[in-house]
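**Student:** Contents of protein-v2.txt (compact mmCIF, C-alpha atoms and all ligand atoms) are below:
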# COMPACT_ATOMS: atom_id res chain seq x y z
CA MET A 1 37.06 6.99 1.92
CA ALA A 2 33.85 8.28 3.52
CA GLY A 3 30.89 6.27 4.79
CA ASN A 4 32.62 4.50 7.67
CA SER A 5 30.40 5.88 10.44
CA PHE A 6 26.93 4.87 11.56
CA GLY A 7 24.32 6.25 13.98
CA LYS A 8 23.31 9.67 15.23
CA LEU A 9 23.28 9.68 19.02
CA PHE A 10 25.07 6.36 19.55
CA LYS A 11 27.69 6.62 16.83
CA LEU A 12 30.37 4.29 15.62
CA SER A 13 33.25 4.63 13.19
CA SER A 14 34.92 1.45 12.05
CA PHE A 15 38.49 1.18 10.79
CA GLY A 16 40.93 -1.41 9.45
CA GLU A 17 41.35 -3.77 6.52
CA SER A 18 41.22 -7.54 6.12
CA HIS A 19 44.99 -7.89 5.73
CA GLY A 20 46.06 -4.72 7.54
CA ILE A 21 47.47 -4.52 11.06
CA ALA A 22 44.22 -4.29 12.97
CA VAL A 23 40.45 -3.85 12.78
CA GLY A 24 38.61 -1.72 15.30
CA VAL A 25 35.86 0.68 16.15
CA MET A 26 35.36 4.00 17.92
CA VAL A 27 32.03 4.36 19.69
CA ASP A 28 30.85 7.82 20.67
CA GLY A 29 27.68 8.72 22.54
CA CYS A 30 27.55 5.78 24.91
CA PRO A 31 26.04 6.90 28.23
CA ALA A 32 28.31 6.87 31.29
CA GLY A 33 27.92 4.24 33.98
CA LEU A 34 27.24 1.20 31.80
CA GLU A 35 29.06 -1.87 33.12
CA ILE A 36 31.12 -3.28 30.30
CA SER A 37 34.12 -5.59 30.11
CA GLU A 38 36.32 -7.05 27.38
CA GLU A 39 34.65 -10.42 28.16
CA ASP A 40 31.22 -8.96 27.30
CA ILE A 41 32.51 -7.81 23.91
CA GLN A 42 34.49 -11.00 23.34
CA LYS A 43 31.42 -13.16 23.92
CA GLU A 44 29.68 -11.44 21.01
CA LEU A 45 32.77 -11.44 18.78
CA ASP A 46 33.24 -15.19 19.25
CA LYS A 47 29.86 -15.69 17.56
CA ARG A 48 31.27 -14.40 14.24
CA LYS A 49 34.82 -15.63 14.64
CA PRO A 50 36.40 -17.25 11.59
CA GLY A 51 37.96 -20.71 11.79
CA SER A 52 35.05 -22.73 13.17
CA GLY A 53 32.16 -24.55 11.52
CA ILE A 54 31.83 -26.24 8.14
CA ALA A 55 30.39 -23.15 6.43
CA GLY A 56 33.08 -20.73 7.58
CA THR A 57 36.50 -19.65 6.37
CA LYS A 58 39.43 -21.63 7.77
CA ARG A 59 41.30 -18.40 8.56
CA LYS A 60 42.24 -18.72 12.26
CA GLU A 61 41.81 -15.49 14.17
CA SER A 62 41.50 -15.21 17.94
CA ASP A 63 39.77 -11.84 17.46
CA SER A 64 40.78 -10.92 20.99
CA ILE A 65 39.46 -7.48 21.72
CA LYS A 66 41.22 -4.72 23.62
CA ILE A 67 39.29 -1.77 25.01
CA LEU A 68 41.68 1.17 24.67
CA SER A 69 39.56 3.99 26.09
CA GLY A 70 36.23 5.07 27.51
CA VAL A 71 35.95 2.44 30.26
CA PHE A 72 37.21 2.97 33.80
CA GLU A 73 36.80 0.57 36.74
CA GLY A 74 34.51 -1.60 34.60
CA LYS A 75 32.12 1.19 33.64
CA THR A 76 31.77 3.47 30.65
CA THR A 77 32.86 7.04 31.36
CA GLY A 78 30.77 8.74 28.66
CA THR A 79 33.91 9.38 26.58
CA PRO A 80 34.75 7.71 23.23
CA ILE A 81 35.22 3.95 23.52
CA CYS A 82 37.96 2.66 21.23
CA MET A 83 38.17 -1.11 20.70
CA LEU A 84 40.71 -2.94 18.61
CA THR A 85 41.78 -6.41 17.56
CA TYR A 86 45.00 -7.26 15.72
CA ASN A 87 44.89 -9.37 12.56
CA GLU A 88 46.93 -12.52 13.09
CA ASP A 89 46.43 -14.98 10.25
CA GLN A 90 46.58 -13.04 7.00
CA LYS A 91 47.90 -14.97 4.01
CA SER A 92 48.39 -12.08 1.62
CA ALA A 93 50.45 -14.28 -0.76
CA ASN A 94 47.16 -15.92 -1.86
CA TYR A 95 46.20 -12.59 -3.38
CA GLU A 96 49.53 -11.84 -5.17
CA GLN A 97 48.57 -13.97 -8.17
CA ILE A 98 45.17 -12.34 -8.61
CA LYS A 99 46.03 -8.80 -7.62
CA ASN A 100 45.40 -7.44 -11.12
CA LEU A 101 42.23 -9.47 -11.66
CA PHE A 102 38.77 -8.51 -10.47
CA ARG A 103 37.03 -11.27 -8.50
CA PRO A 104 33.50 -11.64 -9.95
CA GLY A 105 30.88 -10.82 -7.31
CA HIS A 106 33.36 -9.01 -5.06
CA ALA A 107 33.96 -5.28 -4.75
CA ASP A 108 37.34 -5.25 -6.59
CA PHE A 109 35.95 -3.93 -9.89
CA SER A 110 33.81 -1.16 -8.37
CA TYR A 111 36.50 -0.06 -5.85
CA PHE A 112 39.00 0.16 -8.73
CA LYS A 113 36.56 2.23 -10.81
CA LYS A 114 35.91 4.58 -7.89
CA TYR A 115 39.39 5.05 -6.42
CA GLY A 116 41.72 3.84 -9.18
CA PHE A 117 43.58 2.01 -6.42
CA TYR A 118 42.52 -0.46 -3.72
CA ASP A 119 43.85 -2.91 -1.15
CA TYR A 120 43.37 -6.17 -3.07
CA ARG A 121 44.44 -8.36 -0.12
CA GLY A 122 41.29 -10.11 1.04
CA GLY A 123 39.01 -7.33 -0.13
CA GLY A 124 40.48 -4.65 2.16
CA ARG A 125 37.62 -2.63 3.64
CA SER A 126 34.97 -4.59 1.72
CA SER A 127 35.98 -7.77 3.54
CA GLY A 128 33.72 -9.56 6.00
CA ARG A 129 36.50 -8.85 8.51
CA GLU A 130 35.30 -5.24 8.88
CA THR A 131 32.05 -6.55 10.39
CA LEU A 132 33.99 -7.37 13.56
CA ALA A 133 33.82 -3.62 14.35
CA ARG A 134 30.03 -3.66 14.05
CA VAL A 135 29.74 -6.63 16.40
CA ALA A 136 31.99 -4.98 19.01
CA ALA A 137 29.85 -1.81 18.94
CA GLY A 138 26.69 -3.91 18.77
CA ALA A 139 27.72 -5.69 21.99
CA ILE A 140 27.51 -2.35 23.82
CA ALA A 141 24.22 -1.47 22.11
CA LYS A 142 22.77 -4.85 23.14
CA LYS A 143 23.79 -4.16 26.76
CA ILE A 144 21.98 -0.81 26.74
CA LEU A 145 18.90 -2.39 25.19
CA ALA A 146 18.94 -5.20 27.76
CA ARG A 147 18.68 -2.57 30.51
CA HIS A 148 15.36 -1.63 28.91
CA GLY A 149 14.28 -5.27 28.58
CA ILE A 150 14.84 -5.36 24.81
CA THR A 151 16.58 -8.43 23.40
CA ILE A 152 17.60 -9.37 19.89
CA ALA A 153 17.93 -12.84 18.41
CA GLY A 154 17.85 -14.59 15.07
CA PHE A 155 18.65 -17.73 13.17
CA VAL A 156 19.60 -19.06 9.76
CA LYS A 157 16.25 -19.70 8.11
CA ALA A 158 17.47 -21.06 4.79
CA ILE A 159 20.58 -22.20 3.01
CA GLY A 160 19.99 -22.59 -0.71
CA SER A 161 16.62 -24.32 -1.10
CA ILE A 162 16.70 -25.96 2.36
CA GLU A 163 14.35 -23.84 4.44
CA CYS A 164 13.16 -23.90 8.01
CA LYS A 165 9.48 -22.91 8.03
CA ARG A 166 8.96 -22.76 11.80
CA GLU A 167 8.63 -19.74 14.06
CA PHE A 168 10.82 -19.61 17.17
CA SER A 169 10.22 -17.97 20.53
CA GLU A 170 12.77 -15.83 22.34
CA LYS A 171 13.55 -18.78 24.63
CA GLN A 172 14.05 -21.20 21.71
CA LEU A 173 16.51 -18.82 20.07
CA GLU A 174 18.66 -18.47 23.19
CA LYS A 175 20.76 -21.50 22.30
CA VAL A 176 21.07 -20.85 18.57
CA TYR A 177 24.83 -20.25 18.87
CA ASP A 178 25.28 -23.79 20.20
CA THR A 179 24.33 -25.08 16.75
CA GLU A 180 26.89 -25.21 13.94
CA LEU A 181 24.88 -23.45 11.23
CA ARG A 182 22.74 -21.35 13.61
CA CYS A 183 19.53 -23.16 12.68
CA PRO A 184 17.58 -24.41 15.72
CA GLU A 185 15.60 -27.05 13.80
CA ILE A 186 17.89 -30.11 13.98
CA GLU A 187 16.54 -32.05 10.94
CA THR A 188 16.72 -28.95 8.73
CA GLU A 189 20.21 -28.13 9.96
CA GLU A 190 21.39 -31.64 9.08
CA LYS A 191 20.15 -31.13 5.49
CA MET A 192 21.81 -27.72 5.39
CA LYS A 193 25.12 -29.30 6.49
CA GLU A 194 24.92 -31.82 3.68
CA LEU A 195 24.30 -29.06 1.16
CA VAL A 196 27.18 -26.96 2.48
CA LYS A 197 29.55 -29.96 2.27
CA GLU A 198 28.45 -30.80 -1.29
CA THR A 199 28.85 -27.17 -2.34
CA ALA A 200 32.32 -26.89 -0.80
CA ALA A 201 33.42 -30.12 -2.51
CA LYS A 202 32.50 -28.55 -5.86
CA GLY A 203 34.61 -25.47 -5.08
CA ASP A 204 31.47 -23.36 -4.98
CA SER A 205 29.52 -21.29 -2.44
CA ILE A 206 25.87 -20.88 -1.48
CA GLY A 207 23.55 -18.18 -0.10
CA GLY A 208 20.60 -18.16 2.27
CA ILE A 209 18.19 -16.27 4.48
CA VAL A 210 18.71 -15.01 8.02
CA GLU A 211 15.74 -14.04 10.20
CA LEU A 212 15.96 -11.51 13.03
CA LYS A 213 13.68 -10.55 15.88
CA ALA A 214 13.72 -7.80 18.49
CA PHE A 215 11.65 -8.71 21.52
CA ASN A 216 9.96 -6.40 24.03
CA VAL A 217 10.43 -3.24 21.97
CA PRO A 218 8.22 -0.45 23.36
CA ALA A 219 5.68 1.24 21.11
CA GLY A 220 6.70 4.67 19.81
CA LEU A 221 10.28 4.20 18.59
CA GLY A 222 11.21 5.62 15.18
CA GLU A 223 10.91 8.96 13.45
CA PRO A 224 8.23 9.35 10.78
CA VAL A 225 8.73 10.33 7.14
CA PHE A 226 12.43 10.17 6.12
CA GLU A 227 13.74 8.29 9.16
CA LYS A 228 11.10 5.62 9.54
CA LEU A 229 12.24 2.80 11.79
CA ASP A 230 11.77 0.23 9.03
CA SER A 231 13.83 2.27 6.58
CA GLU A 232 16.60 2.70 9.17
CA ILE A 233 16.61 -1.07 9.80
CA ALA A 234 16.60 -1.86 6.08
CA GLY A 235 19.49 0.56 5.47
CA ALA A 236 21.52 -0.82 8.37
CA LEU A 237 21.06 -4.43 7.26
CA MET A 238 21.62 -3.67 3.58
CA GLY A 239 24.89 -1.98 4.59
CA ILE A 240 26.35 -5.39 5.46
CA GLY A 241 28.35 -7.00 2.65
CA ALA A 242 26.57 -9.77 0.72
CA VAL A 243 23.05 -8.68 1.79
CA LYS A 244 20.89 -8.31 -1.31
CA ALA A 245 17.39 -7.86 0.11
CA VAL A 246 15.64 -6.99 3.37
CA GLU A 247 12.09 -7.88 4.36
CA ILE A 248 10.22 -6.41 7.33
CA GLY A 249 7.29 -8.45 8.67
CA SER A 250 5.46 -10.23 5.87
CA GLY A 251 7.77 -8.47 3.38
CA PHE A 252 7.36 -9.64 -0.22
CA ARG A 253 4.47 -11.90 0.88
CA ALA A 254 2.43 -8.73 1.53
CA ALA A 255 2.44 -8.01 -2.20
CA LYS A 256 0.47 -11.20 -2.83
CA SER A 257 -2.00 -10.79 0.05
CA LEU A 258 -5.38 -9.10 0.38
CA GLY A 259 -5.68 -6.14 2.73
CA SER A 260 -8.03 -8.08 4.98
CA GLU A 261 -5.37 -10.81 5.28
CA ASN A 262 -2.33 -8.60 5.70
CA ASN A 263 -3.83 -6.15 8.21
CA ASP A 264 -3.01 -7.02 11.79
CA GLN A 265 -6.40 -6.72 13.48
CA ILE A 266 -6.43 -5.11 16.91
CA THR A 267 -8.45 -6.12 19.96
CA ALA A 268 -8.38 -5.02 23.57
CA LYS A 269 -7.58 -7.52 26.29
CA ASN A 270 -7.90 -6.37 29.89
CA GLY A 271 -7.84 -2.79 28.65
CA LYS A 272 -4.62 -3.37 26.66
CA PRO A 273 -4.27 -3.42 22.86
CA GLU A 274 -3.51 -6.80 21.35
CA PHE A 275 -2.72 -7.50 17.69
CA LEU A 276 -4.08 -10.72 16.23
CA SER A 277 -1.11 -11.18 13.86
CA ASN A 278 2.21 -9.48 13.10
CA ASN A 279 2.46 -8.98 9.36
CA ALA A 280 3.67 -5.44 9.94
CA GLY A 281 6.80 -6.80 11.66
CA GLY A 282 6.16 -4.55 14.65
CA ILE A 283 6.27 -1.26 12.74
CA LEU A 284 3.45 0.94 11.39
CA GLY A 285 4.07 4.35 9.83
CA GLY A 286 7.75 3.98 10.64
CA ILE A 287 7.02 3.75 14.37
CA SER A 288 7.20 0.65 16.56
CA THR A 289 3.84 -0.77 17.68
CA GLY A 290 5.07 -2.70 20.70
CA GLN A 291 4.97 -6.01 18.81
CA ASP A 292 8.16 -7.96 18.12
CA ILE A 293 10.16 -6.43 15.29
CA THR A 294 10.82 -9.02 12.58
CA ALA A 295 13.19 -8.75 9.63
CA ARG A 296 14.79 -11.13 7.16
CA ILE A 297 17.83 -10.68 4.98
CA ALA A 298 18.75 -12.44 1.74
CA VAL A 299 22.45 -13.27 1.76
CA LYS A 300 24.12 -13.94 -1.57
CA PRO A 301 26.57 -16.82 -2.11
CA THR A 302 30.15 -15.93 -1.18
CA PRO A 303 31.77 -14.29 -4.22
CA SER A 304 35.19 -15.97 -3.88
CA VAL A 305 34.90 -19.47 -5.36
CA SER A 306 37.63 -21.80 -6.52
CA LYS A 307 35.64 -22.75 -9.65
CA LYS A 308 37.12 -21.21 -12.78
CA GLN A 309 35.27 -18.02 -13.86
CA LYS A 310 35.68 -15.41 -16.55
CA THR A 311 36.95 -11.98 -15.56
CA ILE A 312 39.12 -9.11 -16.77
CA ASN A 313 42.30 -7.47 -15.53
CA ARG A 314 42.93 -3.80 -14.75
CA ASN A 315 43.64 -3.18 -18.46
CA SER A 316 40.23 -4.60 -19.41
CA GLU A 317 41.82 -7.71 -20.99
CA ASN A 318 40.02 -11.03 -20.81
CA SER A 319 41.22 -13.55 -18.29
CA GLU A 320 40.08 -16.39 -16.03
CA ILE A 321 40.20 -16.63 -12.26
CA GLU A 322 40.09 -19.37 -9.62
CA VAL A 323 40.07 -17.82 -6.17
CA ILE A 324 42.24 -19.85 -3.85
CA GLY A 325 42.48 -19.01 -0.17
CA ARG A 326 40.15 -19.44 2.73
CA HIS A 327 36.58 -18.28 2.22
CA ASP A 328 33.20 -18.85 3.79
CA VAL A 329 31.24 -21.47 1.82
CA CYS A 330 28.07 -19.88 3.17
CA ILE A 331 28.15 -16.49 4.88
CA CYS A 332 24.82 -16.92 6.73
CA PRO A 333 26.07 -18.39 10.05
CA ARG A 334 28.73 -15.66 10.41
CA ILE A 335 26.47 -12.83 9.28
CA LEU A 336 23.85 -13.56 11.96
CA PRO A 337 25.67 -11.77 14.85
CA VAL A 338 26.53 -8.90 12.48
CA ALA A 339 22.87 -8.47 11.51
CA GLU A 340 21.80 -8.68 15.16
CA SER A 341 24.34 -5.95 15.96
CA MET A 342 23.09 -3.64 13.20
CA LEU A 343 19.52 -4.08 14.46
CA ALA A 344 20.70 -3.33 18.02
CA LEU A 345 22.50 -0.19 16.82
CA VAL A 346 19.37 1.11 15.06
CA LEU A 347 17.20 0.41 18.10
CA VAL A 348 19.58 1.99 20.59
CA ASN A 349 19.61 5.17 18.47
CA ALA A 350 15.80 5.09 18.21
CA LEU A 351 15.51 4.61 21.98
CA MET A 352 17.82 7.55 22.65
CA GLU A 353 15.91 9.76 20.21
CA GLN A 354 12.64 8.83 21.89
CA LYS A 355 14.07 9.69 25.33
CA ALA A 356 15.34 13.01 23.93
CA GLN A 357 11.90 13.81 22.51
CA LYS A 358 10.35 13.38 25.93
CA LEU A 359 12.66 16.07 27.38
CA GLY A 360 10.37 18.80 25.95
C1 LIG B 1 30.60 -11.98 7.75
C2 LIG B 1 30.97 -11.91 6.29
C3 LIG B 1 31.88 -12.82 5.78
C4 LIG B 1 32.23 -12.78 4.43
N1 LIG B 1 33.14 -13.70 3.95
C5 LIG B 1 33.52 -13.63 2.65
C6 LIG B 1 34.51 -14.53 2.15
O1 LIG B 1 35.04 -15.39 2.86
N2 LIG B 1 34.87 -14.42 0.84
C7 LIG B 1 34.28 -13.51 0.00
O2 LIG B 1 34.62 -13.46 -1.19
N3 LIG B 1 33.34 -12.67 0.45
C8 LIG B 1 32.95 -12.69 1.74
N4 LIG B 1 31.99 -11.82 2.20
C9 LIG B 1 31.23 -11.01 1.23
C10 LIG B 1 31.92 -9.79 0.71
O3 LIG B 1 32.40 -9.01 1.78
C11 LIG B 1 30.94 -8.98 -0.16
O4 LIG B 1 30.25 -9.82 -1.02
C12 LIG B 1 31.70 -7.95 -0.97
O5 LIG B 1 32.14 -6.92 -0.12
C13 LIG B 1 30.83 -7.31 -2.06
O6 LIG B 1 29.78 -6.57 -1.49
P1 LIG B 1 28.27 -6.86 -1.84
O7 LIG B 1 28.12 -8.35 -1.84
O8 LIG B 1 27.49 -6.22 -0.71
O9 LIG B 1 27.98 -6.26 -3.17
C14 LIG B 1 31.64 -11.82 3.56
C15 LIG B 1 30.72 -10.90 4.08
C16 LIG B 1 30.37 -10.94 5.44
C17 LIG B 1 29.39 -9.95 5.96
Could you write out this file's structure as structure tokens?

**Tutor:**
Amino acid sequence: MAGNSFGKLFKLSSFGESHGIAVGVMVDGCPAGLEISEEDIQKELDKRKPGSGIAGTKRKESDSIKILSGVFEGKTTGTPICMLTYNEDQKSANYEQIKNLFRPGHADFSYFKKYGFYDYRGGGRSSGRETLARVAAGAIAKKILARHGITIAGFVKAIGSIECKREFSEKQLEKVYDTELRCPEIETEEKMKELVKETAAKGDSIGGIVELKAFNVPAGLGEPVFEKLDSEIAGALMGIGAVKAVEIGSGFRAAKSLGSENNDQITAKNGKPEFLSNNAGGILGGISTGQDITARIAVKPTPSVSKKQKTINRNSENSEIEVIGRHDVCICPRILPVAESMLALVLVNALMEQKAQKLG
């Protein structure tokens, strides 16, 4: 199975299945001398850990990370960094009864068509569990970015039709992981909680929108034409399971605006350029402008629902399915750290490419 690696200069390869022995990642291209500890990685992993919160799966995993290589005396050595966590709470028996049935909305049908064989236990590689690898690698990317003053944050903007319309500053987003659904607007989060509870009681699931921001990104990152920064970000975010759309800046709203409204006018203040708005989401011509980078992802409702649905078996015979087991009612709170990590991985690659370009 190809397609398990990401990045050019700062590269990662993820491995492992939902109900296999372990999930992990190999990171290559990390500069030497970066201070990194298992605690640093763990802190990020705990943000996506299953088993907490009303919207998340009840699967209990400690997700405790082990760094197997590439770090010596608390610093990266410049050699490949291998990180691994063992799966602890797989209940593969839940999948025995449905192993010949394709779960609607999940990847079972398409994996079967492609490979003729797949690990049906918890979705195998297509499981949300794989995203642990991205968060572990993203933790290192975030550390590199922080050295350059770049930070990444986000929040759950909408669950179903309950939407938070406010903008948040970097400071306001710092404590987003203290909230249960990762929405910093308390009244909106309360309504979201109600909706999640109602949905779960009906044996159903619900989708939403996650917003991301990268602060203090220098102007000039990104390669024009085929590797535009916005296309790299869109590809990275779309590569996360359950993401069905990506918007940069004003996104789909731009299609309904006039040019004079959507253009971010530029002025000079004390000899420095200043944009009067940020509809571009911090990127013009595929290159960062120095404004905050903003992106939003549309996250579909979790495919596995306990409501009865029509499906077929491997012999294309009609059947019905009720997916039992432990699933996220809404993926949004757990996808946030994954999306932040993918954005960090794109930016760290763009930063390295920009540094390399200046060597000439
Ligand atoms: C963090 C995360 C958690 C997820 N949790 C579940 C889950 O509990 N149950 C489920 O059926 N799908 C879950 N998914 C979604 C599936 O992985 C995804 O829908 C499936 O691979 C099909 O891919 P697609 O939605 O991109 O087409 C999760 C995805 C992510 C990123």

**Student:** With distances taken over all atoms listed in the file, which of A:Lys256, A:Lys47, A:Lys269, A:Lys66 is nearest to ligand LIG 1 (chain B)?

**Tutor:**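 Comparing A:Lys256, A:Lys47, A:Lys269, A:Lys66 against ligand LIG 1 (chain B), the winner is A:Lys47.
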
**Student:** List as a JSON list (two decimals) with C-alpha atoms, in the frame of the given file the residues having at least one atom at most 12 Å from position (35.6, -22.7, 15.5) as given in the file, counting only C-alpha atoms.

**Tutor:**
[["chain", "number", "residue", "atom", "x", "y", "z"],
["A", 46, "ASP", "CA", 33.24, -15.19, 19.25],
["A", 47, "LYS", "CA", 29.86, -15.69, 17.56],
["A", 48, "ARG", "CA", 31.27, -14.40, 14.24],
["A", 49, "LYS", "CA", 34.82, -15.63, 14.64],
["A", 50, "PRO", "CA", 36.40, -17.25, 11.59],
["A", 51, "GLY", "CA", 37.96, -20.71, 11.79],
["A", 52, "SER", "CA", 35.05, -22.73, 13.17],
["A", 53, "GLY", "CA", 32.16, -24.55, 11.52],
["A", 54, "ILE", "CA", 31.83, -26.24, 8.14],
["A", 55, "ALA", "CA", 30.39, -23.15, 6.43],
["A", 56, "GLY", "CA", 33.08, -20.73, 7.58],
["A", 57, "THR", "CA", 36.50, -19.65, 6.37],
["A", 58, "LYS", "CA", 39.43, -21.63, 7.77],
["A", 59, "ARG", "CA", 41.30, -18.40, 8.56],
["A", 60, "LYS", "CA", 42.24, -18.72, 12.26],
["A", 61, "GLU", "CA", 41.81, -15.49, 14.17],
["A", 62, "SER", "CA", 41.50, -15.21, 17.94],
["A", 63, "ASP", "CA", 39.77, -11.84, 17.46],
["A", 177, "TYR", "CA", 24.83, -20.25, 18.87],
["A", 178, "ASP", "CA", 25.28, -23.79, 20.20],
["A", 179, "THR", "CA", 24.33, -25.08, 16.75],
["A", 180, "GLU", "CA", 26.89, -25.21, 13.94],
["A", 181, "LEU", "CA", 24.88, -23.45, 11.23],
["A", 333, "PRO", "CA", 26.07, -18.39, 10.05],
["A", 334, "ARG", "CA", 28.73, -15.66, 10.41]]

**Student:** Report as a list of chain:residue names all protein, DNA and RNA residues lying within 8 Å of range 3-13 of chain A, evaluated on all atoms listed in the file, omitting residues in the same chain fewer than 4 positions from it.

**Tutor:**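 Listed by chain and then number, they are A:Val25, A:Met26, A:Val27, A:Asp28, A:Gly29, A:Cys30, A:Ala137, A:Leu345, A:Val346, A:Val348, A:Asn349, A:Met352, A:Glu353.
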
**Student:** Let me make sure I understand: among A:Gly116, A:Gly33, A:Gly105, A:Gly251, which one has the smallest atom-to-atom distance to ligand LIG 1 (chain B) if we use all atoms listed in the file?

**Tutor:**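 Among the listed residues, the smallest separation from ligand LIG 1 (chain B) belongs to A:Gly105.
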
**Student:** Within 10 Å of ligand LIG 1 (chain B), which residues show up when you count all atoms listed in the file? List them as a ChimeraX atom specification, please.

**Tutor:** /A:18,48-50,55-59,103-111,122-132,205,238-244,299-305,323,325-339
